[in-house]
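Student: Submitted below is the structure of interest, expressed as structure tokens.
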Amino acid sequence: MLRGAGSVVALTGAGISVPSGIPDFRTPQTGLWENVNPMEVAHIDAWRRDPQRFWAFYGHRFHVLEGKEPNGAHAALAELERCGVVDAVVTQNIDVLHRKAGTRRLIEVHGTIETSSCLACGARYPLADVRERLEADAAGVPRCDCARPLKPDVVLFGEMLPEAAIAEATRLAAFADVLLCVGSSLEVWPVAGLVDVTLDAGGAVAIVTQGPTPYDDVAAVKLTGDVVSELEAVLAATGAAGS
Ligand SMILES: [Zn+2]
């Protein structure tokens, strides 16, 4: 399928980062945040109302993501792009692992932890700087030079999705001969909608995900094995590696 396709777009979700030691954000947390609903504490209203509590939670997320490295599945997608098989990666993940693996055309539809911004003055700070500010602040709230609390450039619950990223992802999905869905349950908008865009335009959908998705019946291929071994096998089968 991939060899015969003019355009292949990969669509990835939390499942691709699990082998890197990053738990799915929506699964129950451990330790301090065990009984906390992420949809409540990582909500834009929580950031506005109680930045101290919000940043206690987000600081914990930063800590979980710290030092995590891309795995073989991220590397296989980067290699498939390098060889001209995959055109772009659209991801729900905020963990920056696709970029670390070498993916060049990356559309992060839920934003990224790479930077945080001040909604008042528009200043933007890189992650390392935000962590320093977080640690230096008595209340644990990273603050802009203008003293207002920063917000991670991640789409929080209750926030709009980034319009430009969604538009680009939709364009890519419409032109894709194959939409290669990896590690996503395809239940959350916008990724579920992107599958429909590809199918409606006459493209095919291939799914590499453990567990069911609403699109299993219409997918041309469904692979349910370990995401790293499946994608490494796909890479080997295309004959793209090392070319
Ligand atoms: Zn500011």
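Identifiers in the structure tokens: chain A, B, ... in order shown; residue index from 1 per chain; ligand index from 1 in order shown.
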For ligand 1, return the neighbouring residues as an MDAnalysis selection string (distance at most 7 Å; only C-alpha atoms and all ligand atoms).

Tutor: chainID A and resid 118:123 144:148

Student: Write the selection just made, keeping N, CA and C atoms, as a short mmCIF file (atom, residue, chain, number, x, y, z; two decimals), in the first residue's frame?

Tutor:
data_model
loop_
_atom_site.label_atom_id
_atom_site.label_comp_id
_atom_site.auth_asym_id
_atom_site.auth_seq_id
_atom_site.Cartn_x
_atom_site.Cartn_y
_atom_site.Cartn_z
N CYS A 118 2.84 34.00 27.37
CA CYS A 118 2.08 34.94 28.17
C CYS A 118 0.90 35.42 27.33
N LEU A 119 -0.32 35.17 27.81
CA LEU A 119 -1.48 35.56 27.02
C LEU A 119 -1.71 37.07 27.08
N ALA A 120 -1.05 37.74 28.03
CA ALA A 120 -1.25 39.19 28.16
C ALA A 120 -0.36 39.96 27.18
N CYS A 121 0.94 39.63 27.15
CA CYS A 121 1.85 40.43 26.32
C CYS A 121 2.39 39.66 25.12
N GLY A 122 2.10 38.36 25.05
CA GLY A 122 2.51 37.58 23.86
C GLY A 122 3.92 37.03 23.92
N ALA A 123 4.66 37.28 24.99
CA ALA A 123 6.03 36.75 25.08
C ALA A 123 6.00 35.23 25.15
N CYS A 144 5.83 35.38 33.38
CA CYS A 144 6.40 36.20 32.32
C CYS A 144 7.21 37.35 32.96
N ASP A 145 8.07 37.99 32.18
CA ASP A 145 8.77 39.19 32.66
C ASP A 145 7.77 40.26 33.09
N CYS A 146 6.56 40.21 32.52
CA CYS A 146 5.51 41.17 32.90
C CYS A 146 4.74 40.70 34.14
N ALA A 147 5.21 39.59 34.76
CA ALA A 147 4.71 39.07 36.05
C ALA A 147 3.44 38.21 35.95
N ARG A 148 2.86 38.11 34.76
CA ARG A 148 1.65 37.28 34.65
C ARG A 148 2.03 35.80 34.50
#

Student: Could you please write out, as a VMD selection string, every residue of segment 9-236 of chain A that DSSP assigns to strand (DSSP E or B)?

Tutor: chain A and resid 9 to 12 43 88 to 91 106 to 108 111 to 117 124 to 126 143 149 151 to 154 157 178 to 182 204 to 208 221 to 223

Student: List every residue of segment 62-157 of chain A that DSSP, applied to the backbone, labels as alpha helix (DSSP H), and write the result as a ChimeraX atom specification.

Tutor: /A:62-65,72-82,97-101,127-136

Student: For a quick check of understanding, using only C-alpha atoms, which of A:Leu194, A:Ala56, A:Met1, A:Ile94 has the smallest distance to Asp24 of chain A?

Tutor: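 Using only C-alpha atoms, Asp24 of chain A sits closest to A:Ile94.
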
Student: A:Gly211, A:Pro38, A:Gly183, A:Gly67: which is nearest Leu156 of chain A, counting only C-alpha atoms?

Tutor: A:Pro38

Student: Per residue of segment 142-211 of chain A within 9 Å of segment 78-91 of chain A, what are the shortest atom pair and its distance in Å to one decimal, counting only C-alpha atoms, with rows by chain and residue number, as a tab-separated table?

Tutor:
residue	atom	partner	partner_atom	distance
A:Ala165	CA	A:Val90	CA	8.9
A:Ala169	CA	A:Val90	CA	6.4
A:Leu172	CA	A:Ala88	CA	7.9
A:Ala176	CA	A:Asp87	CA	8.9
A:Val191	CA	A:Thr91	CA	8.5

Student: Just the selected residues (C-alpha atoms), exported as a PDB file, in the first residue's frame, please.

Tutor:
ATOM      1  CA  ALA A 165      -2.596  23.353  12.314  1.00  0.00           C
ATOM      2  CA  ALA A 169      -3.862  18.562   8.804  1.00  0.00           C
ATOM      3  CA  LEU A 172      -2.959  16.691   4.123  1.00  0.00           C
ATOM      4  CA  ALA A 176      -3.522  11.369   1.277  1.00  0.00           C
ATOM      5  CA  VAL A 191      -8.157  12.964  14.469  1.00  0.00           C
TER       6      VAL A 191
END

Student: Need the shell around segment 97-102 of chain A: protein/DNA/RNA residues with any atom at most 7 Å away, counting only C-alpha atoms. Skip same-chain ones fewer than 4 positions apart. Format as a short mmCIF file (atom, residue, chain, number, x, y, z; two decimals) with C-alpha atoms, in the first residue's frame?

Tutor:
data_model
loop_
_atom_site.label_atom_id
_atom_site.label_comp_id
_atom_site.auth_asym_id
_atom_site.auth_seq_id
_atom_site.Cartn_x
_atom_site.Cartn_y
_atom_site.Cartn_z
CA GLU A 69 13.57 9.67 24.19
CA PRO A 70 11.86 8.71 20.92
CA HIS A 74 9.09 7.47 16.03
CA ALA A 75 12.38 6.63 14.30
CA ALA A 78 11.17 9.79 10.52
#

Student: Using only C-alpha atoms, which residues sit within 12 Å of Leu199 of chain A once same-chain residues fewer than 5 positions away are excluded, as a ChimeraX atom specification?

Tutor: /A:173-179,192-194,204-206,215,218-220

Student: Of the candidates A:Val182, A:Gly72, A:Glu135, A:Val154, which shows the shortest atom-to-atom distance to Gly111 of chain A, using only C-alpha atoms?

Tutor: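 Looking at the shortest contact to Gly111 of chain A, the residue is A:Val154.
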
Student: Residues at most 12 Å from Ala233 of chain A, counting only C-alpha atoms, excluding those fewer than 3 positions away in the same chain, as a short mmCIF file (atom, residue, chain, number, x, y, z; two decimals) with N, CA and C atoms, in the first residue's frame?

Tutor:
data_model
loop_
_atom_site.label_atom_id
_atom_site.label_comp_id
_atom_site.auth_asym_id
_atom_site.auth_seq_id
_atom_site.Cartn_x
_atom_site.Cartn_y
_atom_site.Cartn_z
N GLY A 72 11.59 3.28 18.58
CA GLY A 72 11.73 2.77 17.22
C GLY A 72 10.58 3.15 16.29
N ALA A 73 9.39 3.35 16.87
CA ALA A 73 8.24 3.73 16.04
C ALA A 73 8.38 5.17 15.55
N ALA A 76 11.09 5.06 12.91
CA ALA A 76 10.65 4.48 11.64
C ALA A 76 9.88 5.52 10.82
N LEU A 77 9.02 6.31 11.47
CA LEU A 77 8.27 7.33 10.74
C LEU A 77 9.20 8.42 10.20
N LEU A 80 10.89 6.92 7.22
CA LEU A 80 9.97 6.84 6.08
C LEU A 80 9.79 8.21 5.43
N VAL A 208 -2.50 1.08 12.93
CA VAL A 208 -1.57 0.30 13.76
C VAL A 208 -1.82 0.72 15.20
N LEU A 223 -3.36 -3.46 12.13
CA LEU A 223 -2.31 -4.22 12.83
C LEU A 223 -2.43 -3.94 14.32
N GLY A 225 -0.27 -5.41 16.79
CA GLY A 225 0.91 -5.79 17.56
C GLY A 225 1.57 -4.61 18.23
N ASP A 226 2.71 -4.87 18.85
CA ASP A 226 3.51 -3.82 19.48
C ASP A 226 3.86 -2.75 18.43
N VAL A 227 3.65 -1.50 18.80
CA VAL A 227 3.74 -0.42 17.81
C VAL A 227 5.17 -0.29 17.24
N VAL A 228 6.17 -0.56 18.07
CA VAL A 228 7.56 -0.45 17.60
C VAL A 228 7.87 -1.56 16.59
N SER A 229 7.55 -2.81 16.94
CA SER A 229 7.87 -3.90 16.00
C SER A 229 7.04 -3.80 14.73
N GLU A 230 5.79 -3.37 14.84
CA GLU A 230 4.96 -3.23 13.64
C GLU A 230 5.55 -2.18 12.68
N ALA A 236 10.89 -1.95 7.06
CA ALA A 236 11.68 -2.96 6.35
C ALA A 236 10.96 -3.41 5.08
N ALA A 237 9.63 -3.54 5.15
CA ALA A 237 8.86 -4.04 4.01
C ALA A 237 8.82 -3.05 2.85
N THR A 238 8.90 -1.76 3.16
CA THR A 238 8.88 -0.76 2.07
C THR A 238 10.22 -0.74 1.35
N GLY A 239 11.24 -1.35 1.98
CA GLY A 239 12.57 -1.33 1.36
C GLY A 239 13.18 0.06 1.41
N ALA A 240 12.59 0.93 2.25
CA ALA A 240 13.05 2.32 2.29
C ALA A 240 14.30 2.49 3.14
N ALA A 241 14.46 1.65 4.17
CA ALA A 241 15.54 1.86 5.12
C ALA A 241 16.88 1.89 4.43
#

Student: For Ser7 of chain A, which residue among A:Val188, A:Thr112, A:Arg171, A:Pro212 is the nearest when counting only C-alpha atoms?

Tutor: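 Selected residue with least distance to Ser7 of chain A: A:Arg171.
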
Student: Which one is closest to His63 of chain A: A:Arg124, A:Lys222, A:Arg131, A:Arg3? Count only C-alpha atoms.

Tutor: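 When distances to His63 of chain A are compared using only C-alpha atoms, the smallest one comes from A:Arg131.
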
Student: Counting only C-alpha atoms, what is within 7 Å of Arg143 of chain A, bar same-chain residues fewer than 6 positions away, as a list in words?

Tutor: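 After dropping sequence-adjacent residues, the list is Arg133, Pro149 and Leu150 of chain A.
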
Student: Kindly export the residues of the current selection with N, CA and C atoms, as a short mmCIF file (atom, residue, chain, number, x, y, z; two decimals), in the first residue's frame.

Tutor:
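What landed in out_34.cif:
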data_model
loop_
_atom_site.label_atom_id
_atom_site.label_comp_id
_atom_site.auth_asym_id
_atom_site.auth_seq_id
_atom_site.Cartn_x
_atom_site.Cartn_y
_atom_site.Cartn_z
N ARG A 133 11.88 29.20 35.75
CA ARG A 133 10.97 30.17 36.35
C ARG A 133 10.03 29.49 37.34
N PRO A 149 1.16 34.88 34.96
CA PRO A 149 1.46 33.45 34.82
C PRO A 149 1.53 33.03 33.35
N LEU A 150 2.50 32.15 33.04
CA LEU A 150 2.61 31.62 31.68
C LEU A 150 1.62 30.48 31.49
#

Student: What is the distance between atom CA of Pro162 of chain A and atom CA of Gln52 of chain A, in Å to one decimal?

Tutor: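 Taking atom CA of Pro162 of chain A and atom CA of Gln52 of chain A, their separation equals 25.1 Å.
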
Student: Select, from A:Ile166, A:Thr198, A:Ile44, A:Thr224, the residue with the minimum atom-to-atom distance to Asp153 of chain A, counting only C-alpha atoms.

Tutor: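 Smallest distance to Asp153 of chain A is found for A:Ile44.
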